[in-house]
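Written below as structure tokens is the structure these notes are about.
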Amino acid sequence: FPRIFDGILLNLRVLFIAEFFVLIFGLGIAIARTTTSPVLYPVRLIATIYTDIFRGMPLLLVLFLVGLGIPGLRLSFVPNSAVFLGTIALVLTYSAYVAEVIRAGIEGVNPTQRQAARALGLSHPQTLRHVVLPQAFRNVTPPLLNDLVSLQKDSGLISVLGAVDAIRAAGIETAQSFNFTPYVVAGGLFVLLTIPLTRYTDWLIRRQDRAQKAQGVF
């Protein structure tokens with residue numbers, strides 16, 4: 001248990017770091033995809049290509065490409081740590097999924113909200129920051145939390161690169177004792193971490209449903 005617990009702590013560190021950058025990059029990609037200015041068409045095209053590639057590519061393949069491909073380039077300025085490269089692969093993949101969730105939230109905001117904000121003298125960036133994004137995030141919080149649950153579980157895939165997380169630690173213990181109980185322990189720890197966030201997501205969805213029904217929106 002102590003070794004597996006140390007491994008789950010590594011999974012949690014990877015989760016927090018990856019989630020921070022996923023939200024930042026995902027937001028940037030979503031904003032780029034919702035721009036309508038002809039001048040920003042190249043940016044919009046790049047963002048679209050990015051989401052198409054990383055939503056269509058299996059996470060395990062991205063882990064191999066980043067975790068094994070980058071060290072093969074022998075770039076002295078890039079760390080070869082399995083944890084570092086595994087976190088990059090998670091960020092690349094989940095940023096594409098989160099970007100689509102946020103984009104759906106942005107496009108779900110009633111256009112009259114933008115028009116009213118512009119009529120009050122707010123610039124486009126101010127409208128996006130103070131009017132559109134708060135409503136968008138409120139609408140897509142449950143899907144974002146579901147992505148967080150998935151990211152929490154997929155953080156265990158960094159073990160394929162050699163990082164000694166909970167899954168790798170369980171494998172080492174199993175190889176030494178020929179007892180598969182360590183995998184059960186690792187699975188139990190992941191479940192214990194996932195259940196609170198899952199229940200909170202369910203509660204949040206029910207609360208939003210009640211609020212919509214109270215407003216007469218079905």
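Each chain of the structure tokens is named A, B, ... in the order shown, its residues numbered from 1; ligands are numbered from 1 in display order.
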Worksheet item: Contacts of Val14 (chain A) at 12 Å or less, counting only C-alpha atoms, minus same-chain residues fewer than 5 places along, as a ChimeraX atom specification?
Response: /A:7-9,19-22,82-91,151-159,163-166
Deliver the residues from the most recent selection as a file, using N, CA and C atoms, as an mmCIF file, in the first residue's frame.
```
data_model
loop_
_atom_site.group_PDB
_atom_site.id
_atom_site.type_symbol
_atom_site.label_atom_id
_atom_site.label_comp_id
_atom_site.auth_asym_id
_atom_site.auth_seq_id
_atom_site.Cartn_x
_atom_site.Cartn_y
_atom_site.Cartn_z
ATOM 1 N N GLY A 7 2.451 6.302 -5.530
ATOM 2 C CA GLY A 7 2.144 6.397 -6.959
ATOM 3 C C GLY A 7 0.894 7.204 -7.231
ATOM 4 N N ILE A 8 -0.129 7.046 -6.391
ATOM 5 C CA ILE A 8 -1.370 7.805 -6.609
ATOM 6 C C ILE A 8 -1.140 9.286 -6.349
ATOM 7 N N LEU A 9 -0.208 9.612 -5.464
ATOM 8 C CA LEU A 9 0.139 11.023 -5.252
ATOM 9 C C LEU A 9 0.770 11.616 -6.514
ATOM 10 N N GLU A 19 -4.551 19.627 -15.686
ATOM 11 C CA GLU A 19 -5.850 20.306 -15.726
ATOM 12 C C GLU A 19 -5.681 21.816 -15.841
ATOM 13 N N PHE A 20 -4.692 22.377 -15.164
ATOM 14 C CA PHE A 20 -4.439 23.818 -15.241
ATOM 15 C C PHE A 20 -4.156 24.239 -16.686
ATOM 16 N N PHE A 21 -3.237 23.529 -17.330
ATOM 17 C CA PHE A 21 -2.866 23.902 -18.698
ATOM 18 C C PHE A 21 -3.958 23.523 -19.700
ATOM 19 N N VAL A 22 -4.688 22.450 -19.430
ATOM 20 C CA VAL A 22 -5.784 22.063 -20.317
ATOM 21 C C VAL A 22 -6.840 23.158 -20.374
ATOM 22 N N ALA A 82 9.686 10.926 -17.996
ATOM 23 C CA ALA A 82 8.438 10.281 -18.411
ATOM 24 C C ALA A 82 7.228 11.030 -17.869
ATOM 25 N N VAL A 83 7.351 11.567 -16.663
ATOM 26 C CA VAL A 83 6.246 12.313 -16.066
ATOM 27 C C VAL A 83 5.994 13.594 -16.858
ATOM 28 N N PHE A 84 7.057 14.305 -17.203
ATOM 29 C CA PHE A 84 6.935 15.559 -17.957
ATOM 30 C C PHE A 84 6.320 15.310 -19.325
ATOM 31 N N LEU A 85 6.849 14.341 -20.055
ATOM 32 C CA LEU A 85 6.357 14.072 -21.404
ATOM 33 C C LEU A 85 4.945 13.487 -21.368
ATOM 34 N N GLY A 86 4.665 12.656 -20.370
ATOM 35 C CA GLY A 86 3.311 12.120 -20.243
ATOM 36 C C GLY A 86 2.298 13.210 -19.969
ATOM 37 N N THR A 87 2.677 14.185 -19.151
ATOM 38 C CA THR A 87 1.779 15.304 -18.862
ATOM 39 C C THR A 87 1.521 16.133 -20.118
ATOM 40 N N ILE A 88 2.551 16.332 -20.924
ATOM 41 C CA ILE A 88 2.385 17.062 -22.188
ATOM 42 C C ILE A 88 1.387 16.335 -23.097
ATOM 43 N N ALA A 89 1.505 15.020 -23.176
ATOM 44 C CA ALA A 89 0.583 14.245 -24.022
ATOM 45 C C ALA A 89 -0.855 14.381 -23.528
ATOM 46 N N LEU A 90 -1.048 14.349 -22.213
ATOM 47 C CA LEU A 90 -2.387 14.521 -21.660
ATOM 48 C C LEU A 90 -2.940 15.901 -21.984
ATOM 49 N N VAL A 91 -2.099 16.924 -21.868
ATOM 50 C CA VAL A 91 -2.532 18.294 -22.146
ATOM 51 C C VAL A 91 -2.905 18.448 -23.619
ATOM 52 N N LEU A 151 -9.802 12.657 -17.202
ATOM 53 C CA LEU A 151 -8.385 12.982 -17.108
ATOM 54 C C LEU A 151 -7.770 12.368 -15.858
ATOM 55 N N GLN A 152 -8.535 12.352 -14.776
ATOM 56 C CA GLN A 152 -8.044 11.757 -13.534
ATOM 57 C C GLN A 152 -7.722 10.279 -13.729
ATOM 58 N N LYS A 153 -8.581 9.566 -14.440
ATOM 59 C CA LYS A 153 -8.342 8.148 -14.693
ATOM 60 C C LYS A 153 -7.216 7.947 -15.707
ATOM 61 N N ASP A 154 -7.212 8.762 -16.768
ATOM 62 C CA ASP A 154 -6.212 8.584 -17.818
ATOM 63 C C ASP A 154 -4.817 9.007 -17.379
ATOM 64 N N SER A 155 -4.705 9.704 -16.258
ATOM 65 C CA SER A 155 -3.370 10.039 -15.756
ATOM 66 C C SER A 155 -2.577 8.773 -15.458
ATOM 67 N N GLY A 156 -3.278 7.656 -15.242
ATOM 68 C CA GLY A 156 -2.585 6.400 -15.004
ATOM 69 C C GLY A 156 -1.886 5.847 -16.233
ATOM 70 N N LEU A 157 -2.217 6.369 -17.412
ATOM 71 C CA LEU A 157 -1.596 5.868 -18.639
ATOM 72 C C LEU A 157 -0.149 6.309 -18.783
ATOM 73 N N ILE A 158 0.286 7.271 -17.971
ATOM 74 C CA ILE A 158 1.703 7.666 -18.050
ATOM 75 C C ILE A 158 2.607 6.519 -17.628
ATOM 76 N N SER A 159 2.027 5.493 -17.027
ATOM 77 C CA SER A 159 2.827 4.332 -16.615
ATOM 78 C C SER A 159 3.435 3.622 -17.822
ATOM 79 N N ALA A 163 6.809 5.904 -15.941
ATOM 80 C CA ALA A 163 6.598 6.676 -14.709
ATOM 81 C C ALA A 163 6.035 5.753 -13.629
ATOM 82 N N VAL A 164 6.594 5.845 -12.429
ATOM 83 C CA VAL A 164 6.158 4.966 -11.339
ATOM 84 C C VAL A 164 4.961 5.599 -10.642
ATOM 85 N N ASP A 165 3.812 5.505 -11.290
ATOM 86 C CA ASP A 165 2.582 5.978 -10.673
ATOM 87 C C ASP A 165 1.920 4.800 -9.964
ATOM 88 N N ALA A 166 0.627 4.932 -9.637
ATOM 89 C CA ALA A 166 -0.048 3.867 -8.895
ATOM 90 C C ALA A 166 -0.086 2.564 -9.696
#
```
Worksheet item: Residues at most 8 Å from region 25-35 of chain A, counting only C-alpha atoms, excluding those fewer than 6 positions away in the same chain, as a list in words?
Response: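 The contact residues come out as Val43, Arg44, Leu45, Ala47, Thr48, Tyr94, Ser95, Ala96, Tyr97, Val98, Ala99, Glu100, Ile102, Arg103, Ile106 and Glu107 of chain A.
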Worksheet item: Using only C-alpha atoms, which of the listed residues (A:Leu61, A:Gly67, A:Phe77, A:Gly108) sits closest to Ala136 (chain A)?
Response: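 Smallest distance to Ala136 (chain A) is found for A:Gly108.
Counting only C-alpha atoms and comparing A:Leu193, A:Leu161, A:Val184, A:Ile172, the residue that lies closest to Gly69 (chain A) is A:Leu161.
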Discussion item. Need the shell around Thr181 (chain A): protein/DNA/RNA residues with any atom at most 12 Å away, counting only C-alpha atoms. Skip same-chain ones fewer than 5 positions apart. Format as a ChimeraX atom specification?
Written reply: /A:1,4,167,169-176,186-188
Worksheet entry | Backbone-only DSSP, alpha helix (DSSP H) members of chain A, as a VMD selection string | chain A and resid 2 to 34 41 to 56 59 to 64 70 to 72 82 to 108 111 to 119 124 to 127 133 to 154 166 to 177 181 to 214
